[in-house]
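Trainee: Got a structure for you, questions after.
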Amino acid sequence: MADDTKPCSRSAPCSGDARQPLSLEELARPFVSDLPDVDEGATALREHIVGQQARLRDIERQYAEAEAESVDLRHQLSEQEGRAADLERQYVEAEAELIVRHQQFRKQKHWAAGLERLTQVKLRLVASRLVFLKSALKNLRVFFLTRGAFRWQQKTLALELRKARGEFRNAQEAVSDIEAVLRHLEDERVEQTSRIDGLIRLIAQQEMVVAAMRREVAQQRGRIEELMREPVRDQLFEEQPLVRLARSYRRDPWWPELQSLRRISMLHFETLYLLRSLAARTKDAIIEVGPYIGGSAIALGRGLQIGGGGPLISVEMGGSYPSHAVPTNDIIADLKSNVEAYGLTGVVHIIEGFTTDAAVDPAVNRILDGRTIGLLFLDADGNVERDFELYRGRLSRGSILVYDDYITEQAPEKQTTIKAWVDQAVASGIVENLGLYRWGTWVGRYWG
């Protein structure tokens with residue numbers, strides 16, 4: 001008896017399969033209805049470009065203001081340095097004057113002390129002579145004349161002594177005045193040094209601001225150039241099998257959260273939405289390699305919450321990438337933090353390491369626990385052949401394959417490797433081509 005059973009095919013899955021793969025029509029059906037005929041993405045893109053150009057003008061204005069402030073601070077610093085140099089000159093002059101005054105003071109002090117000693121000696125000598133004359137002279141008139149001469153000499157010596165003491169006090173006051181000037185200049189020098197140090201710090205901070213704004217201006221110009229090229233590149237993404245589903249993301253209630261993923265993912269909204277949509281339409285497990293800090297993992301996790309499939313296993317090598325457009329100092333820590341922030345800790349199973357590490361694949365198998373893989377997303381080092389062959393035996397028939405960087409200007413070596421494998425696999429019939437989506441992510445299905 002002839003066997004009338006038709007062979008399995010993509011359009012007609014095997015009748016004995018426990019769970020039939022979705023048809024392409026079912027897979028491509030949008031989650032939302034009443035989609036417009038116009039490409040909302042293109043309209044939004046034009047609006048986005050206008051907004052980014054306005055943002056660029058604002059950044060350029062801020063940059064010019066920051067540069068002007070930096071110039072003003074440097075001018076203030078120059079003035080303050082001139083003031084500091086003038087204070088230093090005054091201080092040096094005051095120090096020299098103080099030395100001269102100290103010398104004069106010591107001389108005056110020495111002279112006044114000598115004069116006082118001499119005066120005392122002379123007074124004692126005159127007084128002794130007066131006593132002698134008083135007893136020796138019988139003539140009273142001579143005695144009085146002699147006593148008058150003594151008093152006149154005493155007054156003369158007293159005047160000289162007062163003069164010497166006055167000059168000594170003047171010298172002492174002059175020294176005190178110069179010392180006060182020096183103290184004042186020293187205080188001003190300290191204050192001026194503090195002002196200069198403060199200005200230097202401000203200038204350093206301002207220069208960092210200017211440098212950051214210069215980078216931001218360059219990045220913003222780059223973004224606009226990239227956006228201006230996108231309408232041309234979009235021709236690559238037209239008429240794709242899943243394009244209507246991919247471009248319905250703005251009409252989906254998930255759109256607000258999808259927008260929030262931009263800060264932690266470099267994938268286009270189309271690709272992130274496709275990941276969520278395709279994950280929602282698989283009942284099997286999902287493996288992703290290279291979730292980075294979690295944008296794709298969150299999209300896939302949300303899909304599993306809708307469709308009820310799973311588990312979702314994310315294999316990430318970790319490390320840091322502070323210079324990335326989406327920077328991180330700790331990939332694993334940020335991945336876990338973001339997954340937790342979106343409430344998906346119990347959905348996303350994170351395994352740290354390379355797919356080929358000895359401990360990684362056993363850990364994957366423990367989580368799979370015999371389940372097949374319904375969706376494989378690869379966004380790692382570009383060696384898709386290695387990872388495809390690693391998981392091939394666990395892929396369900398008709399499972400979804402999603403490979404990022406099929407087209408990429410940033411990593412041409414990855415593009416070459418990925419494109420070569422995909423094109424050969426499609427040509428050989430191993431996989432079905434489901435199209436290319438912005439910004440260069442390929443989607444297909446595995447048929448074995």
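By order of appearance in the structure tokens: chains A, B, ..., then residues from 1 within every chain, and ligands from 1 in the order shown.
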Tell me which protein, DNA and RNA residues are within 12 Å of Arg61 of chain A, counting only C-alpha atoms, leaving out same-chain ones fewer than 5 positions away, and put them as a PyMOL selection string.
Mentor: chain A and resi 54-56+66-68+210+213-214+217
Trainee: How would the residues just picked look written out with all heavy atoms as a compact mmCIF listing (two decimals), in the first residue's frame?
Mentor:
```txt
# COMPACT_ATOMS: atom_id res chain seq x y z
N ALA A 54 17.60 70.76 16.39
CA ALA A 54 17.35 71.80 17.40
C ALA A 54 18.21 71.55 18.63
O ALA A 54 18.77 72.49 19.22
CB ALA A 54 15.87 71.83 17.77
N ARG A 55 18.31 70.28 19.01
CA ARG A 55 19.16 69.93 20.15
C ARG A 55 20.61 70.28 19.87
O ARG A 55 21.32 70.78 20.75
CB ARG A 55 19.00 68.43 20.43
CG ARG A 55 19.98 67.86 21.45
CD ARG A 55 19.77 68.44 22.82
NE ARG A 55 20.69 67.86 23.77
CZ ARG A 55 21.09 68.45 24.88
NH1 ARG A 55 20.65 69.66 25.18
NH2 ARG A 55 21.91 67.85 25.71
N LEU A 56 21.06 70.06 18.64
CA LEU A 56 22.44 70.40 18.28
C LEU A 56 22.68 71.90 18.41
O LEU A 56 23.72 72.33 18.94
CB LEU A 56 22.73 69.95 16.85
CG LEU A 56 24.10 70.35 16.29
CD1 LEU A 56 25.23 69.77 17.13
CD2 LEU A 56 24.24 69.93 14.84
N ALA A 66 30.12 78.08 27.35
CA ALA A 66 31.11 77.44 28.22
C ALA A 66 32.52 77.87 27.83
O ALA A 66 33.37 78.12 28.70
CB ALA A 66 30.98 75.92 28.14
N GLU A 67 32.78 77.96 26.54
CA GLU A 67 34.10 78.42 26.08
C GLU A 67 34.34 79.86 26.50
O GLU A 67 35.44 80.22 26.92
CB GLU A 67 34.20 78.28 24.57
CG GLU A 67 34.65 76.92 24.09
CD GLU A 67 35.18 76.96 22.68
OE1 GLU A 67 34.59 77.68 21.84
OE2 GLU A 67 36.20 76.29 22.40
N ALA A 68 33.30 80.72 26.36
CA ALA A 68 33.43 82.12 26.76
C ALA A 68 33.71 82.23 28.25
O ALA A 68 34.54 83.03 28.69
CB ALA A 68 32.16 82.90 26.40
N VAL A 210 33.93 72.05 28.95
CA VAL A 210 34.09 72.41 27.54
C VAL A 210 34.43 71.17 26.72
O VAL A 210 33.88 70.95 25.64
CB VAL A 210 35.17 73.49 27.38
CG1 VAL A 210 35.53 73.69 25.91
CG2 VAL A 210 34.69 74.82 27.97
N MET A 213 31.38 69.02 26.37
CA MET A 213 30.43 69.60 25.43
C MET A 213 30.94 69.50 24.01
O MET A 213 30.17 69.33 23.06
CB MET A 213 30.13 71.05 25.82
CG MET A 213 29.49 71.17 27.17
SD MET A 213 28.51 72.68 27.34
CE MET A 213 27.14 72.33 26.28
N ARG A 214 32.27 69.61 23.84
CA ARG A 214 32.85 69.44 22.51
C ARG A 214 32.57 68.03 21.99
O ARG A 214 32.19 67.83 20.83
CB ARG A 214 34.35 69.71 22.55
CG ARG A 214 35.02 69.72 21.18
CD ARG A 214 36.52 69.88 21.29
NE ARG A 214 36.87 71.15 21.94
CZ ARG A 214 37.51 71.23 23.10
NH1 ARG A 214 37.87 70.14 23.75
NH2 ARG A 214 37.80 72.41 23.61
N VAL A 217 28.87 67.77 21.15
CA VAL A 217 28.58 68.39 19.85
C VAL A 217 28.94 67.43 18.73
O VAL A 217 28.18 67.21 17.78
CB VAL A 217 29.33 69.72 19.70
CG1 VAL A 217 29.28 70.20 18.25
CG2 VAL A 217 28.72 70.79 20.60
```
Trainee: Write out as a PyMOL selection string all residues of segment 260-423 of chain A that backbone DSSP assigns to alpha helix (DSSP H).
Mentor: chain A and resi 260+269-280+295-307+331-341+360-368+384-392+412-423
Trainee: Could you write those residues out with C-alpha atoms, as a compact mmCIF listing (two decimals), in the first residue's frame?
Mentor:
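Just written: out_22.txt:
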```txt
# COMPACT_ATOMS: atom_id res chain seq x y z
CA SER A 260 12.98 53.37 28.03
CA PHE A 269 13.05 49.79 18.38
CA GLU A 270 12.03 47.52 15.47
CA THR A 271 14.45 44.80 16.56
CA LEU A 272 13.59 45.08 20.26
CA TYR A 273 9.89 44.91 19.41
CA LEU A 274 10.45 41.91 17.16
CA LEU A 275 12.33 40.14 19.98
CA ARG A 276 9.41 40.68 22.32
CA SER A 277 6.84 39.68 19.68
CA LEU A 278 8.68 36.54 18.55
CA ALA A 279 9.35 35.54 22.17
CA ALA A 280 5.62 35.88 22.84
CA GLY A 295 17.94 45.72 26.69
CA SER A 296 17.34 42.58 24.60
CA ALA A 297 16.90 40.39 27.69
CA ILE A 298 14.11 42.64 28.94
CA ALA A 299 12.37 42.59 25.54
CA LEU A 300 12.59 38.79 25.37
CA GLY A 301 11.46 38.47 28.99
CA ARG A 302 8.40 40.60 28.35
CA GLY A 303 7.56 38.34 25.41
CA LEU A 304 7.78 35.23 27.56
CA GLN A 305 5.44 36.82 30.08
CA ILE A 306 2.88 37.24 27.28
CA GLY A 307 3.27 33.82 25.63
CA ILE A 331 28.48 44.57 32.39
CA ILE A 332 27.25 41.75 34.62
CA ALA A 333 26.36 44.03 37.53
CA ASP A 334 24.44 46.41 35.24
CA LEU A 335 22.75 43.50 33.45
CA LYS A 336 21.48 42.09 36.75
CA SER A 337 20.49 45.53 38.01
CA ASN A 338 18.47 46.33 34.86
CA VAL A 339 16.76 42.93 34.82
CA GLU A 340 15.80 43.47 38.46
CA ALA A 341 14.61 47.03 37.79
CA VAL A 360 28.60 27.29 30.80
CA ASP A 361 26.91 24.63 28.64
CA PRO A 362 26.22 22.28 31.58
CA ALA A 363 24.61 25.22 33.35
CA VAL A 364 22.49 25.89 30.24
CA ASN A 365 21.37 22.26 30.15
CA ARG A 366 20.43 22.27 33.82
CA ILE A 367 18.14 25.25 33.25
CA LEU A 368 16.71 23.82 29.99
CA VAL A 384 27.45 32.62 14.73
CA GLU A 385 28.51 29.30 13.23
CA ARG A 386 30.15 28.25 16.49
CA ASP A 387 27.13 29.11 18.62
CA PHE A 388 24.59 27.77 16.10
CA GLU A 389 26.36 24.40 15.98
CA LEU A 390 26.63 24.40 19.80
CA TYR A 391 22.84 24.72 20.21
CA ARG A 392 21.67 23.15 16.94
CA PRO A 412 32.72 45.16 9.29
CA GLU A 413 34.60 41.99 10.27
CA LYS A 414 31.52 40.77 12.17
CA GLN A 415 29.32 41.62 9.21
CA THR A 416 31.52 39.58 6.86
CA THR A 417 31.44 36.52 9.12
CA ILE A 418 27.72 36.66 9.92
CA LYS A 419 26.58 37.47 6.39
CA ALA A 420 28.66 34.64 4.91
CA TRP A 421 27.15 32.06 7.27
CA VAL A 422 23.57 33.30 6.88
CA ASP A 423 23.72 33.48 3.09
```
Trainee: From the set A:Glu288, A:Glu188, A:Glu25, A:Glu207, which residue has the shortest atom-to-atom contact distance to Arg74 of chain A, counting only C-alpha atoms?
Mentor: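 Checking each candidate against Arg74 of chain A, we get A:Glu207 as the closest.
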Trainee: Could you list, as a count of residues only, every residue within 10 Å of Ser396 of chain A, counting only C-alpha atoms and ignoring same-chain residues fewer than 6 positions away?
Mentor: 12
Trainee: As an exercise, work out the distance from atom CA of Leu236 of chain A to atom CA of Gln410 of chain A in Å and give it to one decimal place.
Mentor: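 According to the coordinates, atom CA of Leu236 of chain A and atom CA of Gln410 of chain A are separated by 17.5 Å.
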Trainee: What is the distance between atom CA of Thr355 of chain A and atom CA of Val289 of chain A, in Å to one decimal?
Mentor: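 For atom CA of Thr355 of chain A relative to atom CA of Val289 of chain A, the distance reads 7.6 Å.
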Trainee: Please, which residues in segment 210-286 of chain A fall within 12 Å of segment 327-330 of chain A when counting only C-alpha atoms, and what is the closest atom pair and distance in Å to one decimal for each, ordered by chain then residue number, as a tab-separated table?
Mentor:
```
residue	atom	partner	partner_atom	distance
A:Arg263	CA	A:Pro327	CA	9.7
A:Ile264	CA	A:Pro327	CA	8.7
A:Ser265	CA	A:Pro327	CA	10.1
A:Met266	CA	A:Pro327	CA	10.8
```
Trainee: A:Glu432, A:Glu95, A:Glu88, A:Glu69: which is nearest Val209 of chain A, counting only C-alpha atoms?
Mentor: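 With only C-alpha atoms as the atom set, the closest residue is A:Glu69.
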Trainee: One decimal, Å: what's the distance from atom CA of Arg89 of chain A over to atom CA of Arg101 of chain A, could you say?
Mentor: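 Between these atoms lies a distance of 18.3 Å.
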Trainee: Pull the strand (DSSP E or B) assignments for segment 250-302 of chain A out of DSSP run on the backbone, and list those residues as a list of chain:residue names.
Mentor: A:Ala285, A:Ile286, A:Ile287, A:Glu288, A:Val289
Trainee: For Gly222 of chain A, please output as a list in words all residues within 12 Å (counting only C-alpha atoms; exclusion window: fewer than 6 positions along the same chain).
Mentor: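 With the cut-off at 12 Å, the set is Ile49, Gln52, Gln53, Leu56, Arg215, Glu216, Met228, Arg229 and Ala325 of chain A.
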